[in-house]
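Shown next: entry-v5.cif, containing mmCIF, C-alpha atoms.
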```cif
data_my_file
loop_
_atom_site.label_atom_id
_atom_site.label_comp_id
_atom_site.auth_asym_id
_atom_site.auth_seq_id
_atom_site.Cartn_x
_atom_site.Cartn_y
_atom_site.Cartn_z
CA MET A 72 13.67 5.57 9.26
CA GLN A 73 12.21 2.24 10.35
CA THR A 74 9.67 0.70 8.00
CA LYS A 75 6.12 0.13 9.21
CA LYS A 76 3.40 -2.32 8.18
CA LEU A 77 0.69 -1.32 5.72
CA ILE A 78 -1.99 -4.03 5.43
CA SER A 79 -5.08 -4.06 3.18
CA TYR A 80 -8.12 -6.14 4.14
CA LEU A 81 -11.20 -6.99 2.07
CA THR A 82 -13.52 -8.85 4.45
CA CYS A 83 -16.96 -8.59 2.81
CA GLU A 84 -18.89 -7.49 -0.27
CA LYS A 85 -19.70 -4.15 1.38
CA PHE A 86 -20.52 -2.59 4.73
CA GLU A 87 -23.92 -1.40 5.86
CA LYS A 88 -24.68 2.13 4.68
CA ASP A 89 -24.51 3.65 8.19
CA ILE A 90 -21.12 2.06 9.00
CA PHE A 91 -19.42 5.48 9.36
CA LYS A 92 -21.93 6.59 11.99
CA ILE A 93 -21.52 3.29 13.88
CA ILE A 94 -17.72 3.60 13.90
CA GLU A 95 -17.87 7.24 15.03
CA GLU A 96 -19.78 6.14 18.14
CA ARG A 97 -16.87 3.88 19.11
CA TYR A 98 -13.69 5.56 17.83
CA LYS A 99 -12.19 8.98 17.32
CA CYS A 100 -12.63 9.49 13.57
CA GLN A 101 -12.44 11.88 10.66
CA THR A 102 -14.64 11.54 7.57
CA ILE A 103 -13.27 12.79 4.26
CA LYS A 104 -15.37 12.24 1.11
CA ASP A 105 -16.26 8.52 0.92
CA THR A 106 -13.69 7.39 3.48
CA ILE A 107 -13.38 7.39 7.23
CA ILE A 108 -10.08 7.60 9.12
CA ILE A 109 -10.13 5.76 12.45
CA ASN A 110 -7.48 6.83 14.94
CA ILE A 111 -6.56 3.81 17.06
CA LYS A 112 -3.70 5.16 19.16
CA ASP A 113 -0.50 7.13 18.59
CA GLU A 114 0.07 7.02 14.80
CA GLN A 115 -1.96 3.84 14.26
CA GLN A 116 -4.76 4.53 11.78
CA ILE A 117 -7.35 2.55 9.83
CA ILE A 118 -8.85 3.95 6.64
CA LEU A 119 -12.14 2.29 5.75
CA PHE A 120 -14.11 2.25 2.49
CA LYS A 121 -17.77 1.24 2.29
CA PHE A 122 -17.11 -1.39 -0.38
CA GLY A 123 -15.69 -3.83 2.17
CA VAL A 124 -12.08 -2.65 2.41
CA PHE A 125 -10.04 -1.15 5.21
CA ILE A 126 -6.35 -0.26 5.22
CA CYS A 127 -4.30 -0.53 8.41
CA TRP A 128 -1.42 1.94 8.82
CA ASP A 129 1.05 0.58 11.37
CA VAL A 130 -1.77 -0.97 13.46
CA GLU A 131 -0.87 -3.66 15.98
CA PHE A 132 -2.36 -7.10 15.39
CA GLU A 133 -4.43 -7.03 18.59
CA ASN A 134 -6.06 -3.77 17.53
CA ILE A 135 -6.75 -5.11 14.04
CA LYS A 136 -8.38 -8.22 15.50
CA PHE A 137 -10.53 -6.14 17.85
CA PHE A 138 -11.61 -3.85 15.00
CA MET A 139 -12.47 -6.79 12.73
CA ASP A 140 -14.61 -8.36 15.46
CA PHE A 141 -16.35 -5.03 16.02
CA ILE A 142 -17.33 -4.40 12.37
CA LYS A 143 -18.17 -8.03 11.55
CA GLU A 144 -21.88 -7.67 12.37
CA TYR A 145 -22.10 -4.70 9.98
CA GLU A 146 -20.67 -6.60 7.01
CA ILE A 147 -22.82 -7.68 4.07
CA ASN A 148 -21.82 -11.06 2.55
CA HIS A 149 -18.89 -11.73 4.88
CA PHE A 150 -15.97 -13.65 3.33
CA ASN A 151 -14.76 -16.70 5.23
CA PHE A 152 -11.29 -16.01 3.90
CA PRO A 153 -10.54 -12.29 3.58
CA PHE A 154 -8.32 -10.87 0.84
CA ILE A 155 -5.14 -9.52 2.41
CA GLU A 156 -2.22 -7.60 0.90
CA GLU A 157 0.85 -6.46 2.86
CA LEU A 158 3.32 -3.69 2.08
CA ASN A 159 5.72 -1.56 4.09
CA TYR A 160 6.05 2.20 4.31
CA THR A 161 8.49 4.74 5.66
CA GLN A 162 9.15 8.47 5.41
CA GLU A 163 11.53 9.93 2.84
CA ASN A 164 12.14 13.24 1.10
CA GLU A 165 10.68 11.96 -2.16
CA PHE A 166 7.65 9.76 -2.86
CA LYS A 167 8.51 6.44 -4.50
CA ILE A 168 7.75 2.70 -4.36
CA ASN A 169 10.42 0.04 -4.42
CA PHE A 170 10.43 -3.64 -3.47
CA ASP A 171 7.02 -3.49 -1.72
CA THR A 172 8.05 -0.47 0.33
CA ILE A 173 6.37 2.91 -0.08
CA TYR A 174 8.55 5.93 0.64
CA LEU A 175 6.27 8.79 1.66
CA ASN A 176 7.28 12.43 1.68
CA ASP A 177 4.00 13.31 3.41
CA LEU A 178 2.37 11.39 6.27
CA SER A 179 -0.77 13.53 6.39
CA SER A 180 -4.22 11.92 6.45
CA ILE A 181 -4.94 13.15 2.91
CA SER A 182 -1.74 11.54 1.63
CA LYS A 183 -2.63 8.27 3.32
CA ILE A 184 -6.12 8.32 1.80
CA ALA A 185 -4.62 8.85 -1.67
CA ILE A 186 -2.39 5.79 -1.23
CA SER A 187 -5.21 3.79 0.37
CA GLN A 188 -7.48 4.43 -2.65
CA ALA A 189 -5.07 2.45 -4.84
CA LEU A 190 -4.58 -0.27 -2.22
CA ALA A 191 -8.34 -0.65 -1.81
CA GLN A 192 -8.80 -1.03 -5.57
CA ASN A 193 -5.99 -3.58 -5.59
CA VAL A 194 -7.67 -5.98 -3.12
CA LYS A 195 -11.10 -5.42 -4.72
CA LEU A 196 -9.55 -6.38 -8.05
CA ASP A 197 -8.14 -9.50 -6.36
CA GLN A 198 -11.71 -10.46 -5.47
CA PHE A 199 -13.01 -9.86 -9.01
CA GLU A 200 -10.13 -11.86 -10.52
CA LYS A 201 -10.71 -14.82 -8.21
CA GLU A 202 -14.47 -14.90 -8.74
CA LEU A 203 -14.18 -14.68 -12.53
CA LEU A 204 -11.46 -17.34 -12.65
CA THR A 205 -13.53 -19.67 -10.46
CA SER A 206 -16.59 -19.15 -12.65
CA ILE A 207 -14.62 -19.84 -15.85
CA GLU A 208 -13.00 -22.96 -14.36
CA ASN A 209 -16.36 -24.28 -13.14
CA ASN A 210 -17.76 -23.98 -16.66
CA SER A 211 -14.67 -25.01 -18.64
CA LYS A 212 -16.22 -28.42 -19.45
CA ILE A 213 -18.95 -26.82 -21.58
CA PRO A 214 -16.70 -25.89 -24.56
CA LEU A 215 -14.92 -29.26 -24.24
CA GLN A 216 -18.23 -31.13 -24.41
CA LEU A 217 -19.21 -29.18 -27.53
CA ALA A 218 -15.83 -29.88 -29.13
CA HIS A 219 -15.90 -33.64 -28.41
CA THR A 220 -19.60 -34.56 -28.64
CA GLY A 221 -21.20 -31.66 -30.50
CA LYS A 222 -23.68 -31.09 -27.67
CA ILE A 223 -23.88 -30.00 -24.04
CA ASN A 224 -24.52 -32.85 -21.60
CA LEU A 225 -26.72 -30.87 -19.24
CA THR A 226 -30.43 -30.98 -18.56
CA LYS A 227 -32.65 -28.01 -19.38
CA LYS A 228 -32.80 -27.10 -15.68
CA GLU A 229 -29.00 -27.35 -15.31
CA ILE A 230 -28.52 -25.08 -18.34
CA SER A 231 -30.91 -22.51 -16.83
CA LYS A 232 -28.98 -22.62 -13.55
CA LYS A 233 -25.66 -22.16 -15.36
CA ILE A 234 -27.06 -19.16 -17.24
CA GLY A 235 -28.25 -17.69 -13.94
CA GLU A 236 -24.86 -18.21 -12.25
CA LEU A 237 -22.90 -16.69 -15.11
CA PHE A 238 -25.29 -13.75 -15.44
CA LEU A 239 -24.96 -13.01 -11.70
CA VAL A 240 -21.16 -12.95 -11.97
CA LYS A 241 -21.26 -10.70 -15.06
CA SER A 242 -23.85 -8.28 -13.63
CA LYS A 243 -21.98 -8.08 -10.32
CA MET A 244 -18.77 -7.09 -12.11
CA ASN A 245 -20.60 -4.48 -14.18
CA LEU A 246 -22.37 -3.01 -11.14
CA HIS A 247 -19.14 -2.58 -9.17
CA TYR A 248 -16.83 -1.80 -12.08
CA ASP A 249 -16.78 1.90 -11.25
CA LEU A 250 -14.78 1.02 -8.11
CA LEU A 251 -11.79 0.54 -10.41
CA ASP A 252 -12.07 4.04 -11.91
CA THR A 253 -10.08 7.03 -10.67
CA PRO A 254 -11.88 8.03 -7.42
CA GLU A 255 -13.77 11.34 -7.17
CA PHE A 256 -11.57 12.06 -4.15
CA PHE A 257 -8.93 13.49 -6.51
CA TRP A 258 -11.31 16.11 -7.87
CA GLU A 259 -10.86 17.94 -4.58
CA TYR A 260 -7.26 16.87 -3.93
CA PRO A 261 -5.62 16.78 -7.40
CA GLU A 262 -2.16 17.44 -5.91
CA TYR A 263 -2.16 13.83 -4.58
CA GLU A 264 -3.30 12.15 -7.79
CA SER A 265 0.31 11.57 -8.89
CA HIS A 266 0.85 9.43 -5.76
CA TYR A 267 -2.24 7.41 -6.66
CA GLU A 268 -1.13 7.00 -10.29
CA LYS A 269 2.30 5.73 -9.20
CA MET A 270 0.64 3.20 -6.90
CA ILE A 271 -1.71 2.09 -9.70
CA LYS A 272 1.27 1.58 -11.99
CA TYR A 273 3.26 -0.32 -9.36
CA LEU A 274 0.30 -2.61 -8.57
CA ASP A 275 -0.23 -3.18 -12.32
CA ILE A 276 -3.93 -2.41 -11.96
CA LYS A 277 -4.61 -1.10 -15.47
CA SER A 278 -3.25 -4.18 -17.25
CA ARG A 279 -5.06 -6.43 -14.76
CA VAL A 280 -8.30 -4.60 -15.55
CA GLU A 281 -7.71 -5.31 -19.26
CA VAL A 282 -7.28 -9.01 -18.47
CA LEU A 283 -10.45 -8.84 -16.37
CA ASN A 284 -12.31 -7.44 -19.38
CA LYS A 285 -11.09 -10.37 -21.50
CA LYS A 286 -12.39 -12.81 -18.87
CA LEU A 287 -15.73 -11.01 -18.86
CA GLU A 288 -15.85 -11.57 -22.63
CA ILE A 289 -15.35 -15.30 -22.01
CA ILE A 290 -18.28 -15.24 -19.57
CA GLN A 291 -20.37 -13.47 -22.22
CA GLU A 292 -19.43 -16.11 -24.81
CA LEU A 293 -20.44 -18.90 -22.42
CA LEU A 294 -23.78 -17.15 -21.88
CA HIS A 295 -24.30 -17.02 -25.65
CA VAL A 296 -23.47 -20.72 -26.05
CA LEU A 297 -25.82 -21.76 -23.25
CA GLY A 298 -28.54 -19.40 -24.47
CA ASP A 299 -28.33 -20.85 -28.01
CA GLU A 300 -28.45 -24.38 -26.61
CA GLN A 301 -31.52 -23.55 -24.57
CA LYS A 302 -33.26 -22.03 -27.62
CA HIS A 303 -32.32 -25.06 -29.73
CA ARG A 304 -33.74 -27.49 -27.18
CA TYR A 305 -36.95 -25.47 -26.86
CA SER A 306 -37.44 -25.33 -30.65
CA SER A 307 -36.68 -29.07 -30.88
CA PHE A 308 -39.27 -29.69 -28.18
CA LEU A 309 -41.88 -27.72 -30.17
CA GLU A 310 -40.97 -29.61 -33.34
CA TRP A 311 -41.50 -32.96 -31.61
CA ILE A 312 -44.88 -31.81 -30.32
CA ILE A 313 -45.93 -30.85 -33.85
CA ILE A 314 -44.66 -34.20 -35.21
CA ILE A 315 -46.60 -36.10 -32.52
CA PHE A 316 -49.79 -34.16 -33.30
CA ILE A 317 -49.40 -34.83 -37.04
CA ALA A 318 -48.74 -38.53 -36.39
CA PHE A 319 -51.77 -38.69 -34.10
CA GLU A 320 -53.96 -37.05 -36.78
CA ILE A 321 -52.69 -39.52 -39.41
CA LEU A 322 -53.52 -42.48 -37.15
CA ILE A 323 -57.05 -41.16 -36.59
CA ASN A 324 -57.57 -40.72 -40.35
CA LEU A 325 -56.25 -44.23 -41.03
CA LYS A 326 -58.55 -45.67 -38.40
CA GLU A 327 -61.58 -43.95 -39.97
CA HIS A 328 -60.73 -45.25 -43.44
CA LEU A 329 -60.10 -48.77 -42.23
#
```

Is it possible to express this structure as structure tokens?
Amino acid sequence: MQTKKLISYLTCEKFEKDIFKIIEERYKCQTIKDTIIINIKDEQQIILFKFGVFICWDVEFENIKFFMDFIKEYEINHFNFPFIEELNYTQENEFKINFDTIYLNDLSSISKIAISQALAQNVKLDQFEKELLTSIENNSKIPLQLAHTGKINLTKKEISKKIGELFLVKSKMNLHYDLLDTPEFFWEYPEYESHYEKMIKYLDIKSRVEVLNKKLEIIQELLHVLGDEQKHRYSSFLEWIIIIFIAFEILINLKEHL
């Protein structure tokens, strides 16, 4: 059979909580667990997740563009450059994945949701990887400064801002980390979990999550370094105040004796 396009889009941080209801007013839909299946026309379908991802099954470009324009006003923290992943799919007697083509033995909506769960996690992981890498690169000079000069060449305010930025990245990852776990969807449809597991393995998600954890550890180390520097500067500031007060008291005593 002819292969068809399967495209994953991550366009925002998340959609507004009533996004399913809004879509149902415009399209013919079916809601299953935490996903909504939008029937465009013929066999063209979009499967949308509330965490900013939707998967297009053989949807024409014009229909994708129209749908993206429609949901844009319901996006929270819209990305100027969406995360996009493309694969192909076709129907076969046995489920398998080979050379970016998924061979499906079942084209039911439930089967498509099972596959889409893995694809949605894949593009969300792309976002996490990019954000963590950017954060690490932006702060890579801090360890170099410590290695070469023994101190961090930042003001107290700049250090506080860096701590805030790094903490936001770390807390954001922790808050949304459950998105990378096996979805609750498979509690009700365990017969499709093997499809999901094969997709997870093909997309190398588990090893990428391990690398992500290592990068989070780097962020934590940077937070420790900056936190220690901030404490050191504050204690040094207090020490100087005490020294100044002692010196001032000595000068007063000398003046009285003289």

Per-residue nearest contacts of region 164-188 of chain A to region 261-275 of chain A (10 Å; only C-alpha atoms) as CSV:
```
residue,atom,partner,partner_atom,distance
A:Phe166,CA,A:His266,CA,7.4
A:Lys167,CA,A:Lys269,CA,7.8
A:Ile168,CA,A:Tyr273,CA,7.4
A:Asn169,CA,A:Tyr273,CA,8.7
A:Phe170,CA,A:Tyr273,CA,9.9
A:Asp171,CA,A:Tyr273,CA,9.1
A:Ile173,CA,A:Met270,CA,8.9
A:Leu175,CA,A:His266,CA,9.2
A:Ile181,CA,A:Tyr263,CA,8.0
A:Ser182,CA,A:Tyr263,CA,6.6
A:Lys183,CA,A:Tyr263,CA,9.7
A:Ile184,CA,A:Tyr263,CA,9.3
A:Ala185,CA,A:Tyr267,CA,5.7
A:Ile186,CA,A:Tyr267,CA,5.7
A:Ser187,CA,A:Tyr267,CA,8.4
A:Gln188,CA,A:Tyr267,CA,7.2
```

Exercise. Between CA of Glu133 (chain A) and CA of Glu96 (chain A), what is the distance, to one decimal in Å?
Worked result: 20.2 Å

At most 12 Å is the cut-off: for each residue in region 190-231 of chain A with any atom that close to an atom of region 141-153 of chain A, write down the nearest atom pair and the distance in Å rounded to one decimal, counting only C-alpha atoms, chain first then increasing number, as JSON lines.
```
{"residue": "A:Val194", "atom": "CA", "partner": "A:Pro153", "partner_atom": "CA", "distance": 9.6}
{"residue": "A:Lys195", "atom": "CA", "partner": "A:Pro153", "partner_atom": "CA", "distance": 10.8}
{"residue": "A:Asp197", "atom": "CA", "partner": "A:Pro153", "partner_atom": "CA", "distance": 10.6}
{"residue": "A:Gln198", "atom": "CA", "partner": "A:Pro153", "partner_atom": "CA", "distance": 9.3}
```

Exercise. So which residues are close to (-4.6, -5.6, 12.1), meaning at most 10 Å away in the file's coordinates with only C-alpha atoms counted, and can you show them as a PyMOL selection string?
Worked result: chain A and resi 76-80+117+125-139

Can I get the selected residues back with C-alpha atoms, as an mmCIF file, keeping the file's coordinate frame?
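Below you can see part-v2.cif, which holds the result:
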```cif
data_model
loop_
_atom_site.group_PDB
_atom_site.id
_atom_site.type_symbol
_atom_site.label_atom_id
_atom_site.label_comp_id
_atom_site.auth_asym_id
_atom_site.auth_seq_id
_atom_site.Cartn_x
_atom_site.Cartn_y
_atom_site.Cartn_z
ATOM 1 C CA LYS A 76 3.400 -2.320 8.180
ATOM 2 C CA LEU A 77 0.690 -1.320 5.720
ATOM 3 C CA ILE A 78 -1.990 -4.030 5.430
ATOM 4 C CA SER A 79 -5.080 -4.060 3.180
ATOM 5 C CA TYR A 80 -8.120 -6.140 4.140
ATOM 6 C CA ILE A 117 -7.350 2.550 9.830
ATOM 7 C CA PHE A 125 -10.040 -1.150 5.210
ATOM 8 C CA ILE A 126 -6.350 -0.260 5.220
ATOM 9 C CA CYS A 127 -4.300 -0.530 8.410
ATOM 10 C CA TRP A 128 -1.420 1.940 8.820
ATOM 11 C CA ASP A 129 1.050 0.580 11.370
ATOM 12 C CA VAL A 130 -1.770 -0.970 13.460
ATOM 13 C CA GLU A 131 -0.870 -3.660 15.980
ATOM 14 C CA PHE A 132 -2.360 -7.100 15.390
ATOM 15 C CA GLU A 133 -4.430 -7.030 18.590
ATOM 16 C CA ASN A 134 -6.060 -3.770 17.530
ATOM 17 C CA ILE A 135 -6.750 -5.110 14.040
ATOM 18 C CA LYS A 136 -8.380 -8.220 15.500
ATOM 19 C CA PHE A 137 -10.530 -6.140 17.850
ATOM 20 C CA PHE A 138 -11.610 -3.850 15.000
ATOM 21 C CA MET A 139 -12.470 -6.790 12.730
#
```

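Atom pair CA of Lys241 (chain A) / CA of Gln216 (chain A): separated by 22.7 Å.
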
Missing atoms in region 271-282 of chain A need filling: write out N, CA and C atoms for it as a PDB file, in the frame of the given file.
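Output file rebuild.pdb follows:
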```pdb
ATOM      1  N   ILE A 271      -0.964   2.856  -8.694  1.00  0.00           N
ATOM      2  CA  ILE A 271      -1.710   2.090  -9.700  1.00  0.00           C
ATOM      3  C   ILE A 271      -0.746   1.396 -10.665  1.00  0.00           C
ATOM      4  N   LYS A 272       0.283   2.139 -11.062  1.00  0.00           N
ATOM      5  CA  LYS A 272       1.270   1.580 -11.990  1.00  0.00           C
ATOM      6  C   LYS A 272       2.064   0.467 -11.323  1.00  0.00           C
ATOM      7  N   TYR A 273       2.471   0.680 -10.080  1.00  0.00           N
ATOM      8  CA  TYR A 273       3.260  -0.320  -9.360  1.00  0.00           C
ATOM      9  C   TYR A 273       2.450  -1.606  -9.146  1.00  0.00           C
ATOM     10  N   LEU A 274       1.171  -1.455  -8.825  1.00  0.00           N
ATOM     11  CA  LEU A 274       0.300  -2.610  -8.570  1.00  0.00           C
ATOM     12  C   LEU A 274      -0.224  -3.240  -9.855  1.00  0.00           C
ATOM     13  N   ASP A 275       0.129  -2.643 -10.998  1.00  0.00           N
ATOM     14  CA  ASP A 275      -0.230  -3.180 -12.320  1.00  0.00           C
ATOM     15  C   ASP A 275      -1.748  -3.283 -12.499  1.00  0.00           C
ATOM     16  N   ILE A 276      -2.468  -2.325 -11.964  1.00  0.00           N
ATOM     17  CA  ILE A 276      -3.930  -2.410 -11.960  1.00  0.00           C
ATOM     18  C   ILE A 276      -4.524  -2.257 -13.355  1.00  0.00           C
ATOM     19  N   LYS A 277      -4.009  -1.343 -14.149  1.00  0.00           N
ATOM     20  CA  LYS A 277      -4.610  -1.100 -15.470  1.00  0.00           C
ATOM     21  C   LYS A 277      -4.527  -2.323 -16.379  1.00  0.00           C
ATOM     22  N   SER A 278      -3.370  -2.982 -16.405  1.00  0.00           N
ATOM     23  CA  SER A 278      -3.250  -4.180 -17.250  1.00  0.00           C
ATOM     24  C   SER A 278      -4.085  -5.324 -16.700  1.00  0.00           C
ATOM     25  N   ARG A 279      -4.220  -5.401 -15.379  1.00  0.00           N
ATOM     26  CA  ARG A 279      -5.060  -6.430 -14.760  1.00  0.00           C
ATOM     27  C   ARG A 279      -6.536  -6.194 -15.077  1.00  0.00           C
ATOM     28  N   VAL A 280      -6.926  -4.921 -15.165  1.00  0.00           N
ATOM     29  CA  VAL A 280      -8.300  -4.600 -15.550  1.00  0.00           C
ATOM     30  C   VAL A 280      -8.562  -5.027 -16.996  1.00  0.00           C
ATOM     31  N   GLU A 281      -7.575  -4.867 -17.873  1.00  0.00           N
ATOM     32  CA  GLU A 281      -7.710  -5.310 -19.260  1.00  0.00           C
ATOM     33  C   GLU A 281      -7.903  -6.819 -19.335  1.00  0.00           C
ATOM     34  N   VAL A 282      -7.130  -7.546 -18.522  1.00  0.00           N
ATOM     35  CA  VAL A 282      -7.280  -9.010 -18.470  1.00  0.00           C
ATOM     36  C   VAL A 282      -8.660  -9.373 -17.936  1.00  0.00           C
TER      37      VAL A 282
END
```
